[in-house]
$ cat coords_33.cif   # mmCIF, C-alpha atoms
data_protein
loop_
_atom_site.label_atom_id
_atom_site.label_comp_id
_atom_site.auth_asym_id
_atom_site.auth_seq_id
_atom_site.Cartn_x
_atom_site.Cartn_y
_atom_site.Cartn_z
CA MET A 1 17.45 -24.38 -6.29
CA SER A 2 15.25 -22.79 -3.60
CA GLU A 3 13.18 -21.13 -6.35
CA GLU A 4 12.67 -24.58 -7.94
CA LYS A 5 11.60 -25.95 -4.55
CA GLU A 6 9.24 -23.00 -4.08
CA ILE A 7 7.60 -23.61 -7.44
CA LYS A 8 7.22 -27.30 -6.64
CA GLU A 9 5.53 -26.51 -3.30
CA GLU A 10 3.23 -24.06 -5.06
CA LEU A 11 2.34 -26.71 -7.60
CA LYS A 12 1.62 -29.21 -4.83
CA GLU A 13 -0.69 -26.69 -3.22
CA VAL A 14 -2.58 -26.15 -6.48
CA VAL A 15 -2.98 -29.89 -6.96
CA ILE A 16 -4.10 -30.32 -3.35
CA MET A 17 -6.66 -27.51 -3.71
CA ARG A 18 -8.09 -29.31 -6.77
CA ILE A 19 -8.16 -32.65 -4.94
CA GLU A 20 -10.02 -31.06 -2.02
CA THR A 21 -12.97 -30.31 -4.31
CA ILE A 22 -13.51 -34.01 -4.98
CA PRO A 23 -16.54 -35.43 -3.15
CA SER A 24 -15.63 -37.80 -0.34
CA ASN A 25 -17.47 -40.71 -1.95
CA LEU A 26 -14.99 -40.85 -4.86
CA LYS A 27 -11.69 -42.70 -4.80
CA LEU A 28 -8.97 -42.72 -7.46
CA ALA A 29 -7.29 -45.85 -8.80
CA ILE A 30 -3.82 -44.78 -9.96
CA GLY A 31 -0.96 -47.25 -9.92
CA SER A 32 -1.63 -48.54 -6.45
CA ASP A 33 -3.20 -51.70 -5.05
CA LYS A 34 -6.14 -49.79 -3.74
CA ALA A 35 -8.17 -46.83 -4.84
CA LEU A 36 -7.19 -43.68 -2.93
CA THR A 37 -9.42 -41.40 -0.89
CA LYS A 38 -8.85 -37.71 -1.36
CA GLU A 39 -7.06 -37.60 2.00
CA GLU A 40 -4.69 -40.33 0.79
CA MET A 41 -4.14 -38.52 -2.51
CA ILE A 42 -3.27 -35.35 -0.62
CA ARG A 43 -0.86 -37.23 1.62
CA HIS A 44 0.92 -38.75 -1.40
CA VAL A 45 1.17 -35.34 -3.06
CA LYS A 46 2.56 -33.74 0.12
CA ASP A 47 5.04 -36.63 0.53
CA GLY A 48 6.13 -36.32 -3.10
CA ASP A 49 6.40 -40.12 -3.40
CA SER A 50 5.97 -42.01 -6.68
CA ILE A 51 2.18 -41.99 -6.45
CA GLY A 52 2.19 -38.32 -5.47
CA ARG A 53 4.39 -37.56 -8.50
CA GLN A 54 2.00 -39.49 -10.76
CA ILE A 55 -0.91 -37.41 -9.46
CA ILE A 56 1.03 -34.20 -10.00
CA ASN A 57 2.20 -35.28 -13.47
CA SER A 58 -1.36 -36.07 -14.47
CA HIS A 59 -2.37 -32.58 -13.37
CA ILE A 60 0.54 -30.93 -15.23
CA SER A 61 -0.18 -32.88 -18.38
CA PHE A 62 -3.83 -31.87 -18.28
CA MET A 63 -3.15 -28.19 -17.62
CA LYS A 64 -0.60 -28.12 -20.47
CA ALA A 65 -3.14 -29.69 -22.81
CA VAL A 66 -5.71 -27.08 -21.79
CA ALA A 67 -3.22 -24.21 -22.14
CA ARG A 68 -2.02 -25.37 -25.57
CA GLY A 69 -5.57 -25.76 -26.81
CA ASP A 70 -5.12 -29.50 -27.41
CA PHE A 71 -7.87 -30.37 -24.94
CA THR A 72 -10.44 -27.98 -26.39
CA ARG A 73 -9.58 -29.03 -29.93
CA ALA A 74 -9.94 -32.70 -29.03
CA ILE A 75 -13.33 -32.44 -27.35
CA THR A 76 -14.79 -30.14 -29.98
CA THR A 77 -13.78 -32.17 -33.00
CA ILE A 78 -15.47 -35.48 -32.18
CA MET J 79 -2.25 -68.85 -34.45
CA LYS J 80 -5.73 -69.70 -33.32
CA LYS J 81 -8.49 -67.10 -33.64
CA GLY J 82 -9.17 -66.86 -29.94
CA ILE J 83 -8.58 -64.70 -26.89
CA LEU J 84 -6.74 -65.16 -23.63
CA ILE J 85 -7.89 -62.64 -21.01
CA THR J 86 -6.47 -62.24 -17.52
CA MET J 87 -8.93 -61.35 -14.77
CA PRO J 88 -7.26 -61.22 -11.36
CA ARG J 89 -9.37 -59.95 -8.47
CA HIS J 90 -7.07 -59.63 -5.50
CA ASP J 91 -7.81 -55.99 -4.69
CA ASP J 92 -10.42 -53.29 -5.40
CA VAL J 93 -8.67 -52.13 -8.57
CA THR J 94 -8.38 -55.54 -10.21
CA GLU J 95 -11.90 -56.40 -9.04
CA TYR J 96 -13.23 -53.45 -11.02
CA LEU J 97 -11.14 -54.24 -14.11
CA SER J 98 -12.21 -57.86 -14.11
CA GLN J 99 -15.89 -57.25 -13.46
CA PHE J 100 -16.09 -54.72 -16.29
CA SER J 101 -14.30 -57.26 -18.51
CA GLN J 102 -17.53 -59.25 -18.52
CA GLN J 103 -18.55 -56.98 -21.43
CA ILE J 104 -15.52 -58.22 -23.37
CA GLU J 105 -16.38 -61.86 -22.65
CA ASP J 106 -19.97 -61.22 -23.76
CA ALA J 107 -18.77 -59.62 -27.02
CA ALA J 108 -16.52 -62.60 -27.76
CA ASN J 109 -19.28 -65.10 -27.03
CA LYS J 110 -21.69 -63.17 -29.25
CA ALA J 111 -19.11 -63.25 -32.08
CA ASN J 112 -18.50 -66.98 -31.52
CA ILE J 113 -14.85 -66.34 -30.74
CA GLU J 114 -13.22 -68.69 -28.26
CA ILE J 115 -12.23 -66.81 -25.11
CA LYS J 116 -10.24 -68.28 -22.25
CA PRO J 117 -10.35 -66.25 -19.02
CA LEU J 118 -7.62 -66.66 -16.42
CA LYS J 119 -9.57 -65.69 -13.33
CA ASP J 120 -8.39 -65.09 -9.81
CA LYS J 121 -5.72 -67.64 -8.81
CA ASP J 122 -5.37 -68.85 -12.40
CA ALA J 123 -3.94 -65.49 -13.39
CA VAL J 124 -0.40 -66.62 -12.56
CA LYS J 125 2.71 -66.96 -14.69
CA ASP J 126 2.94 -70.72 -15.10
CA ILE J 127 -0.71 -71.08 -16.11
CA PHE J 128 -0.48 -68.05 -18.41
CA GLU J 129 2.61 -69.45 -20.15
CA LYS J 130 1.12 -72.94 -20.41
CA ILE J 131 -2.14 -71.70 -21.96
CA ILE J 132 -0.55 -69.28 -24.39
CA LYS J 133 1.90 -71.90 -25.65
CA LYS J 134 -0.73 -74.63 -25.90
CA GLN J 135 -3.68 -72.64 -27.30
CA ASP J 136 -1.65 -70.10 -29.33
CA TYR J 137 -4.47 -67.55 -29.20
CA LYS J 138 -4.15 -64.58 -31.51
CA MET J 139 -5.36 -61.99 -28.98
CA VAL J 140 -4.26 -61.45 -25.40
CA ILE J 141 -6.02 -59.01 -23.05
CA PHE J 142 -4.36 -58.12 -19.78
CA ASN J 143 -6.10 -56.68 -16.76
CA GLY J 144 -3.75 -55.99 -13.93
CA HIS J 145 -1.13 -53.83 -12.34
CA GLY J 146 1.89 -53.01 -14.41
CA SER J 147 5.15 -51.23 -14.78
CA ASP J 148 6.92 -50.00 -17.89
CA LYS J 149 8.51 -53.45 -18.36
CA ALA J 150 5.97 -55.90 -16.94
CA ILE J 151 2.33 -56.79 -16.44
CA SER J 152 1.07 -58.64 -13.39
CA GLY J 153 -1.77 -61.02 -12.76
CA ASN J 154 -2.73 -62.38 -9.37
CA LYS J 155 0.05 -60.83 -7.28
CA GLU J 156 2.85 -61.94 -9.62
CA ILE J 157 4.36 -60.86 -12.91
CA LEU J 158 2.94 -62.65 -15.95
CA VAL J 159 4.99 -61.17 -18.74
CA GLU J 160 8.13 -59.07 -18.67
CA ALA J 161 10.28 -57.40 -21.30
CA GLY J 162 13.49 -59.30 -21.88
CA VAL J 163 12.21 -62.34 -19.98
CA ASN J 164 9.17 -63.85 -21.72
CA ASP J 165 7.78 -61.08 -23.88
CA PHE J 166 8.40 -63.32 -26.89
CA LEU J 167 5.19 -65.09 -25.83
CA ILE J 168 3.09 -62.09 -26.87
CA LYS J 169 5.09 -61.16 -29.96
CA ASP J 170 3.11 -61.24 -33.22
CA ARG J 171 -0.17 -61.30 -31.27
CA ILE J 172 -2.79 -58.60 -30.86
CA VAL J 173 -2.39 -57.38 -27.30
CA TYR J 174 -4.45 -54.97 -25.22
CA ALA J 175 -3.09 -54.19 -21.76
CA ARG J 176 -5.19 -52.36 -19.23
CA SER J 177 -2.15 -51.91 -17.03
CA CYS J 178 -0.15 -48.92 -15.89
CA HIS J 179 2.90 -47.91 -17.93
CA ALA J 180 3.27 -51.19 -19.88
CA ALA J 181 3.22 -49.54 -23.30
CA ALA J 182 6.34 -47.57 -22.44
CA VAL J 183 8.85 -50.45 -22.62
CA LEU J 184 7.07 -53.84 -22.81
CA GLY J 185 4.77 -52.67 -25.60
CA VAL J 186 7.72 -51.46 -27.65
CA ALA J 187 9.80 -54.59 -26.96
CA CYS J 188 7.16 -57.14 -27.92
CA THR J 189 6.30 -55.41 -31.21
CA LYS J 190 9.88 -54.82 -32.32
CA ASN J 191 10.51 -56.62 -35.60
CA SER J 192 6.97 -58.02 -35.51
CA LYS J 193 5.08 -57.94 -38.78
CA ASP J 194 1.62 -58.94 -37.60
CA GLY J 195 1.49 -58.06 -33.95
CA CYS J 196 0.45 -54.94 -32.12
CA PHE J 197 0.24 -53.70 -28.55
CA ILE J 198 -2.36 -51.20 -27.36
CA GLY J 199 -1.81 -49.98 -23.84
CA TYR J 200 -0.83 -47.05 -21.66
CA ASP J 201 2.50 -45.29 -21.31
CA ARG J 202 1.54 -43.90 -17.90
CA PRO J 203 -0.77 -44.98 -15.06
CA PHE J 204 -4.23 -45.98 -16.25
CA GLN J 205 -6.58 -44.08 -13.95
CA PHE J 206 -10.21 -44.34 -12.97
CA TYR J 207 -12.43 -42.99 -10.22
CA VAL J 208 -14.73 -45.25 -8.24
CA ASP J 209 -17.79 -44.34 -6.23
CA THR J 210 -17.42 -45.95 -2.80
CA GLN J 211 -21.19 -46.40 -2.68
CA TRP J 212 -20.76 -49.16 -5.29
CA ILE J 213 -17.41 -50.60 -4.31
CA GLY J 214 -19.09 -53.87 -3.35
CA ASN J 215 -20.94 -53.97 -6.69
CA PRO J 216 -18.66 -52.42 -9.30
CA LEU J 217 -20.97 -52.94 -12.28
CA LYS J 218 -23.41 -50.44 -10.76
CA ASP J 219 -20.69 -47.79 -10.47
CA ASN J 220 -21.49 -45.21 -13.19
CA THR J 221 -18.41 -43.18 -12.30
CA ALA J 222 -16.04 -46.08 -12.99
CA ARG J 223 -18.13 -46.89 -16.07
CA LEU J 224 -17.06 -43.57 -17.62
CA PHE J 225 -13.50 -44.93 -17.71
CA LEU J 226 -13.85 -48.67 -18.14
CA GLU J 227 -16.45 -48.83 -20.89
CA PRO J 228 -14.40 -46.73 -23.32
CA SER J 229 -11.31 -48.82 -22.61
CA ASN J 230 -13.39 -51.97 -23.21
CA LEU J 231 -13.99 -50.64 -26.72
CA VAL J 232 -10.41 -51.51 -27.66
CA PRO J 233 -10.87 -55.28 -27.41
CA ILE J 234 -14.56 -55.15 -28.36
CA SER J 235 -13.76 -53.31 -31.61
CA LEU J 236 -11.05 -55.88 -32.36
CA ILE J 237 -13.47 -58.73 -31.65
CA LYS J 238 -15.83 -57.20 -34.23
CA GLY J 239 -13.08 -57.55 -36.84
CA ASN J 240 -11.84 -53.97 -36.89
CA SER J 241 -8.19 -53.01 -37.19
CA ALA J 242 -6.01 -52.10 -34.23
CA SER J 243 -5.94 -48.53 -35.45
CA TYR J 244 -9.74 -48.33 -35.54
CA ALA J 245 -10.03 -49.98 -32.10
CA ASN J 246 -7.55 -47.53 -30.61
CA GLU J 247 -9.27 -44.49 -32.11
CA ASN J 248 -12.78 -45.72 -31.32
CA ALA J 249 -11.94 -46.11 -27.64
CA LYS J 250 -10.29 -42.70 -27.52
CA LYS J 251 -13.28 -41.09 -29.20
CA GLN J 252 -15.56 -42.51 -26.50
CA MET J 253 -13.23 -41.16 -23.79
CA LEU J 254 -13.61 -37.69 -25.32
CA LYS J 255 -17.38 -38.08 -25.46
CA ASN J 256 -17.38 -39.00 -21.79
CA ILE J 257 -15.23 -35.97 -21.01
CA ARG J 258 -17.79 -33.73 -22.72
CA LYS J 259 -20.59 -35.48 -20.86
CA ILE J 260 -18.99 -35.03 -17.46
CA LEU J 261 -18.00 -31.41 -18.08
CA ALA J 262 -21.58 -30.62 -19.12
CA LYS J 263 -22.69 -31.74 -15.64
CA ALA J 264 -20.42 -29.06 -14.14
CA ASP J 265 -20.27 -30.83 -10.76
CA SER J 266 -17.50 -30.29 -8.24
CA GLU J 267 -15.79 -33.47 -9.46
CA SER J 268 -16.30 -32.87 -13.18
CA PHE J 269 -12.90 -31.34 -13.83
CA LYS J 270 -11.00 -34.00 -11.88
CA ILE J 271 -12.84 -36.80 -13.68
CA ALA J 272 -12.17 -35.07 -17.01
CA GLU J 273 -8.49 -34.80 -16.08
CA ALA J 274 -8.28 -38.55 -15.34
CA LEU J 275 -10.10 -39.41 -18.59
CA TRP J 276 -7.72 -37.12 -20.48
CA ASN J 277 -4.81 -38.96 -18.85
CA ASN J 278 -6.07 -42.25 -20.28
CA PHE J 279 -6.85 -40.67 -23.66
CA ASP J 280 -3.43 -39.07 -23.97
CA GLY J 281 -1.61 -42.08 -22.57
CA GLN J 282 -3.24 -44.78 -24.72
CA VAL J 283 -0.83 -45.75 -27.46
CA LEU J 284 -0.63 -48.30 -30.25
CA HIS J 285 2.67 -49.99 -31.09
CA GLY J 286 3.30 -52.34 -33.99
CA ASN J 287 1.05 -53.11 -36.92
CA SER J 288 -1.85 -50.64 -36.87
CA ALA J 289 -3.65 -52.74 -39.50
CA ALA J 290 -3.55 -55.86 -37.33
CA SER J 291 -6.91 -57.53 -36.84
CA PHE J 292 -8.40 -60.95 -36.26
CA LEU J 293 -8.83 -61.17 -40.02
CA SER J 294 -5.21 -60.46 -40.90
CA GLY J 295 -2.09 -62.57 -40.50
CA ASN J 296 -1.95 -66.32 -40.06
CA SER J 297 -5.17 -66.99 -38.10
#
$ encode --input "coords_33.cif" --output "structure tokens"
Amino acid sequence: MSEEKEIKEELKEVVIMRIETIPSNLKLAIGSDKALTKEEMIRHVKDGDSIGRQIINSHISFMKAVARGDFTRAITTI
Amino acid sequence: MKKGILITMPRHDDVTEYLSQFSQQIEDAANKANIEIKPLKDKDAVKDIFEKIIKKQDYKMVIFNGHGSDKAISGNKEILVEAGVNDFLIKDRIVYARSCHAAAVLGVACTKNSKDGCFIGYDRPFQFYVDTQWIGNPLKDNTARLFLEPSNLVPISLIKGNSASYANENAKKQMLKNIRKILAKADSESFKIAEALWNNFDGQVLHGNSAASFLSGNS
């Protein structure tokens, strides 16, 4: 259980590091009434609320697609 | 059914403002094709008006812009259509929903046992980035454009007489092209924008009759 929690915290940190590279003039619209600043995205990820989970899931889905080769295949076959 | 379009365009927050402003391209495409299009804008994007118009006009295509859940799609701060409640209203129609999650349950429910209808939407949150420099003038926002123009291709391709399958694939192809374009820039935000575009690409699904078009069925 604590190993699961540790992995989850590590994943949050990776997602947060990626979010921190976003320029401050960009906001993300993702299942919320308003578009989120990067500070708000980071807060949601740290809180692990439903929006935070959506942000993390989007990241996981993308990284899996990259790792499996699906992403590269898709963008090179159009 | 009448060969026409009902499109919801609420604008009660930044997100719906963007969706509705970029929907002008869809209205323009319908007008150019001489297809009747009835927008439900702002305070008209409510359940009783939506139900009244769809029953009275019996339009073949319905386009939703708005927040959503796996079972429901909202308009101006209220649910318009919900699985198990009034989803029969969109059964047998061609539906495109630019709403989070709605393809997961509502899209399946309204196309079950439907011969002519289809539902193109998203089984997860539909995402897009906005540039705060243009938040007061969304149509000048080239960052948001990367997301909203490809998704507009779903209804625009349908308006041009193409099948649901073609419309779905055409929009997805443009998302991939935009991913390549943004990655080629290699900016600090390129990867995050690509990730959000991939989310929409991977999450856009078609339920029901993939051959459905304005030209098929009882129009």
$ interface_residues --input "coords_33.cif" --of "chain J" --to "chain A" --cutoff "10 Å" --atoms "all atoms listed in the file" --output "PyMOL selection string"
chain J and resi 90-94+96+144-147+155+177-179+202-213+221-222+251-258+265-278+280
$ atom_distance --input "coords_33.cif" --atom1 "atom CA of J:Val163" --atom2 "atom CA of J:Ala182"
16.1 Å
$ resolve_selection --input "coords_33.cif" --expression "the PyMOL selection byres ((chain J and resi 105) around 12)" --output "PyMOL selection string"
chain J and resi 82-87+98-104+106-118+141+230+233-234+237
$ atom_distance --input "coords_33.cif" --atom1 "atom CA of J:Asp165" --atom2 "atom CA of J:Val232"
20.9 Å
$ atom_distance --input "coords_33.cif" --atom1 "atom CA of J:Met139" --atom2 "atom CA of J:Pro216"
25.6 Å
$ resolve_selection --input "coords_33.cif" --expression "the PyMOL selection byres ((chain A and resi 11) around 12)" --output "count of residues only"
25
$ resolve_selection --input "coords_33.cif" --expression "the PyMOL selection byres ((chain J and resi 88) around 6)" --output "JSON, numbers by chain"
{"J": [87, 89, 94, 119, 120, 123, 153, 154]}
$ axis_aligned_box --input "coords_33.cif" --around "stretch 43-54 of chain A" --padding-each-side "3 Å" --output "AutoDock Vina command-line options"
--center_x 2.8 --center_y -37.9 --center_z -4.6 --size_x 13.3 --size_y 14.3 --size_z 18.4
$ residues_around --input "coords_33.cif" --residues "J:Asp194" --least-positions-apart "5" --cutoff "10 Å" --atoms "all atoms listed in the file" --output "list in words"
Lys169, Asp170, Arg171, Ile172, Thr189, Gly286, Asn287, Ser288, Ala289, Ala290, Ser291, Ser294, Gly295 and Asn296 of chain J
$ decode --input "coords_33.cif" --residues "chain A" --atoms "C-alpha atoms" --output "PDB file, in the first residue's frame"
ATOM      1  CA  MET A   1       0.000   0.000   0.000  1.00  0.00           C
ATOM      2  CA  SER A   2       2.756   2.493   0.930  1.00  0.00           C
ATOM      3  CA  GLU A   3       4.643   1.500  -2.242  1.00  0.00           C
ATOM      4  CA  GLU A   4       1.488   2.278  -4.271  1.00  0.00           C
ATOM      5  CA  LYS A   5       1.230   5.648  -2.518  1.00  0.00           C
ATOM      6  CA  GLU A   6       4.917   6.313  -3.208  1.00  0.00           C
ATOM      7  CA  ILE A   7       4.486   5.583  -6.904  1.00  0.00           C
ATOM      8  CA  LYS A   8       1.449   7.846  -7.042  1.00  0.00           C
ATOM      9  CA  GLU A   9       3.374  10.726  -5.417  1.00  0.00           C
ATOM     10  CA  GLU A  10       6.231  10.164  -7.853  1.00  0.00           C
ATOM     11  CA  LEU A  11       3.799  10.284 -10.745  1.00  0.00           C
ATOM     12  CA  LYS A  12       2.280  13.507  -9.410  1.00  0.00           C
ATOM     13  CA  GLU A  13       5.741  15.008  -9.251  1.00  0.00           C
ATOM     14  CA  VAL A  14       6.474  14.048 -12.858  1.00  0.00           C
ATOM     15  CA  VAL A  15       3.189  15.553 -14.014  1.00  0.00           C
ATOM     16  CA  ILE A  16       3.827  18.706 -11.988  1.00  0.00           C
ATOM     17  CA  MET A  17       7.334  19.056 -13.460  1.00  0.00           C
ATOM     18  CA  ARG A  18       5.808  18.859 -16.959  1.00  0.00           C
ATOM     19  CA  ILE A  19       3.115  21.407 -16.069  1.00  0.00           C
ATOM     20  CA  GLU A  20       5.766  23.805 -14.752  1.00  0.00           C
ATOM     21  CA  THR A  21       7.268  24.063 -18.237  1.00  0.00           C
ATOM     22  CA  ILE A  22       4.047  25.536 -19.619  1.00  0.00           C
ATOM     23  CA  PRO A  23       4.290  29.278 -20.298  1.00  0.00           C
ATOM     24  CA  SER A  24       2.234  31.376 -17.911  1.00  0.00           C
ATOM     25  CA  ASN A  25       0.099  32.811 -20.708  1.00  0.00           C
ATOM     26  CA  LEU A  26      -1.491  29.410 -21.421  1.00  0.00           C
ATOM     27  CA  LYS A  27      -4.485  27.988 -19.584  1.00  0.00           C
ATOM     28  CA  LEU A  28      -6.030  24.528 -19.949  1.00  0.00           C
ATOM     29  CA  ALA A  29      -9.742  23.865 -20.378  1.00  0.00           C
ATOM     30  CA  ILE A  30     -10.365  20.379 -18.964  1.00  0.00           C
ATOM     31  CA  GLY A  31     -13.739  19.499 -17.505  1.00  0.00           C
ATOM     32  CA  SER A  32     -14.069  22.624 -15.429  1.00  0.00           C
ATOM     33  CA  ASP A  33     -16.061  25.834 -15.774  1.00  0.00           C
ATOM     34  CA  LYS A  34     -12.942  27.832 -16.322  1.00  0.00           C
ATOM     35  CA  ALA A  35      -9.632  27.296 -18.017  1.00  0.00           C
ATOM     36  CA  LEU A  36      -6.894  26.527 -15.487  1.00  0.00           C
ATOM     37  CA  THR A  37      -3.613  28.347 -14.980  1.00  0.00           C
ATOM     38  CA  LYS A  38      -0.591  26.159 -14.460  1.00  0.00           C
ATOM     39  CA  GLU A  39      -0.673  26.991 -10.742  1.00  0.00           C
ATOM     40  CA  GLU A  40      -4.283  25.779 -10.593  1.00  0.00           C
ATOM     41  CA  MET A  41      -3.408  22.622 -12.537  1.00  0.00           C
ATOM     42  CA  ILE A  42      -0.598  21.906 -10.084  1.00  0.00           C
ATOM     43  CA  ARG A  43      -2.913  22.449  -7.131  1.00  0.00           C
ATOM     44  CA  HIS A  44      -5.476  20.013  -8.561  1.00  0.00           C
ATOM     45  CA  VAL A  45      -2.774  17.415  -9.200  1.00  0.00           C
ATOM     46  CA  LYS A  46      -1.393  17.789  -5.662  1.00  0.00           C
ATOM     47  CA  ASP A  47      -4.929  17.575  -4.210  1.00  0.00           C
ATOM     48  CA  GLY A  48      -5.672  14.470  -6.282  1.00  0.00           C
ATOM     49  CA  ASP A  49      -9.247  15.659  -6.888  1.00  0.00           C
ATOM     50  CA  SER A  50     -11.301  14.698  -9.950  1.00  0.00           C
ATOM     51  CA  ILE A  51      -9.716  17.382 -12.130  1.00  0.00           C
ATOM     52  CA  GLY A  52      -6.258  16.464 -10.844  1.00  0.00           C
ATOM     53  CA  ARG A  53      -6.944  12.806 -11.705  1.00  0.00           C
ATOM     54  CA  GLN A  54      -8.081  13.806 -15.203  1.00  0.00           C
ATOM     55  CA  ILE A  55      -4.827  15.711 -15.721  1.00  0.00           C
ATOM     56  CA  ILE A  56      -2.799  12.757 -14.466  1.00  0.00           C
ATOM     57  CA  ASN A  57      -4.801  10.267 -16.566  1.00  0.00           C
ATOM     58  CA  SER A  58      -4.234  12.362 -19.657  1.00  0.00           C
ATOM     59  CA  HIS A  59      -0.511  12.294 -18.945  1.00  0.00           C
ATOM     60  CA  ILE A  60      -0.491   8.511 -18.339  1.00  0.00           C
ATOM     61  CA  SER A  61      -2.467   7.848 -21.484  1.00  0.00           C
ATOM     62  CA  PHE A  62      -0.067   9.943 -23.540  1.00  0.00           C
ATOM     63  CA  MET A  63       3.078   8.384 -22.085  1.00  0.00           C
ATOM     64  CA  LYS A  64       1.657   4.888 -22.675  1.00  0.00           C
ATOM     65  CA  ALA A  65       0.895   5.789 -26.280  1.00  0.00           C
ATOM     66  CA  VAL A  66       4.445   7.070 -26.725  1.00  0.00           C
ATOM     67  CA  ALA A  67       5.966   4.004 -25.034  1.00  0.00           C
ATOM     68  CA  ARG A  68       3.891   1.552 -27.098  1.00  0.00           C
ATOM     69  CA  GLY A  69       4.771   3.327 -30.316  1.00  0.00           C
ATOM     70  CA  ASP A  70       1.129   4.192 -31.028  1.00  0.00           C
ATOM     71  CA  PHE A  71       1.855   7.922 -30.956  1.00  0.00           C
ATOM     72  CA  THR A  72       4.810   7.771 -33.333  1.00  0.00           C
ATOM     73  CA  ARG A  73       2.947   5.437 -35.678  1.00  0.00           C
ATOM     74  CA  ALA A  74      -0.068   7.737 -35.731  1.00  0.00           C
ATOM     75  CA  ILE A  75       1.805  10.945 -36.509  1.00  0.00           C
ATOM     76  CA  THR A  76       4.052   9.360 -39.116  1.00  0.00           C
ATOM     77  CA  THR A  77       1.332   7.645 -41.106  1.00  0.00           C
ATOM     78  CA  ILE A  78      -0.834  10.645 -41.992  1.00  0.00           C
TER      79      ILE A  78
END
